[in-house]
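Here's the structure we're looking at; comments come further down.
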Amino acid sequence: MHPFIELLRERRTACLWAGLAFSGFGSELNRMAVLWLAIEVAGSSASLLPLAQHAVVLVVSLGAGLFAHHLSPRATMIGTDLVSALVAVLPVVLAGIYGLTLWSLVASAMALAALSALFQPALLSSIPHVAGPKERIQSVNALLDATTRLSRLTGPF
């Protein structure tokens with residue numbers, strides 16, 4: 001039996017894994033959809049979108065660990081996912097009011113990138129609590145990392 005299956009039999013690990021899989025797939029799907037819309041709206045200027053996303057991740061990541069250290073990992077992960085869901089609707093609302101613009105897509109993408117940069121340290125700090133015995137930390141970390149990478153693959157697909 002694969003070690004991941006054994007890990008997923010535990011409720012805490014299975015809940016975290018399911019939430020991460022659902023969230024990761026949705027995030028990647030949104031990222032691809034927004035990029036396609038940006039290309040349709042702005043052509044080659046759409047390259048500003050990934051540039052802005054990566055710049056925000058870099059800046060926010062510098063302080064995200066400190067922020068995550070002072071809050072509950074569970075609350076931070078749930079909170080960032082809920083706010084991300086609201087931010088993902090932002091371009092739709094703005095498109096209905098003002099029409100679809102590159103800047104509304106960039107603003108939404110930047111906010112989602114910042115929330116993702118806050119989510120990641122909270123996720124990593126939750127692993128020891130979820131894993132249980134020290135010997136399982138590496139296995140749970142591998143499971144969650146594989147899930148994140150699978151989301152990056154299946155979202156665009």
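Ordered as shown in the structure tokens, chains take letters A, B, and onward, while each chain numbers its residues from 1 and ligands are numbered from 1 in the order shown.
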
Exercise for the section: List the neighbours of A:Val106 out to 12 Å using only C-alpha atoms; skip same-chain residues closer than 3 positions along the sequence, and give me the result as a PyMOL selection string. Expected result: chain A and resi 31+34-35+37-39+41-42+45-56+87-88+90-91+100-103+109-113

Write out as JSON lines the residues of stretch 29-105 of chain A that have any atom within 12 Å of an atom of stretch 6-17 of chain A, one row each with the nearest atom pair and its distance in Å to one decimal, counting only C-alpha atoms, sorted by chain and then rising number.
{"residue": "A:Pro73", "atom": "CA", "partner": "A:Leu16", "partner_atom": "CA", "distance": 11.3}
{"residue": "A:Arg74", "atom": "CA", "partner": "A:Leu16", "partner_atom": "CA", "distance": 9.3}
{"residue": "A:Met77", "atom": "CA", "partner": "A:Leu16", "partner_atom": "CA", "distance": 9.9}
{"residue": "A:Ile78", "atom": "CA", "partner": "A:Leu16", "partner_atom": "CA", "distance": 10.5}

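Taking atom CA of A:Asn30 and atom CA of A:Leu66 as the two end points, the separation is 27.6 Å.
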
Problem - Exercise: A:Glu28 partners within 9 Å, only C-alpha atoms, chain neighbours under 3 positions left out, as a VMD selection string - result: chain A and resid 23 to 25 31 to 33 151 to 156

Handout entry: Selected residue of minimal separation from A:Leu143 among A:Ala114, A:Leu105, A:Val130, A:Gly63, counting only C-alpha atoms
Key =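 Closest residue, counting only C-alpha atoms: A:Val130.
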
Handout entry: Distance query A:Gly79 at most 12 Å, only C-alpha atoms, self and fewer than 5 positions along chain excluded, as a list of chain:residue names
Key =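 The residues satisfying every condition are A:Ala68, A:Leu71, A:Ser72, A:Pro73, A:Arg74, A:Ser84, A:Ala85, A:Leu86, A:Leu115, A:Ser116, A:Leu118, A:Phe119, A:Ala122.
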
Handout entry: atom CA of A:Leu58 to atom CA of A:Ser104, straight-line distance in Å
Key = 20.7 Å
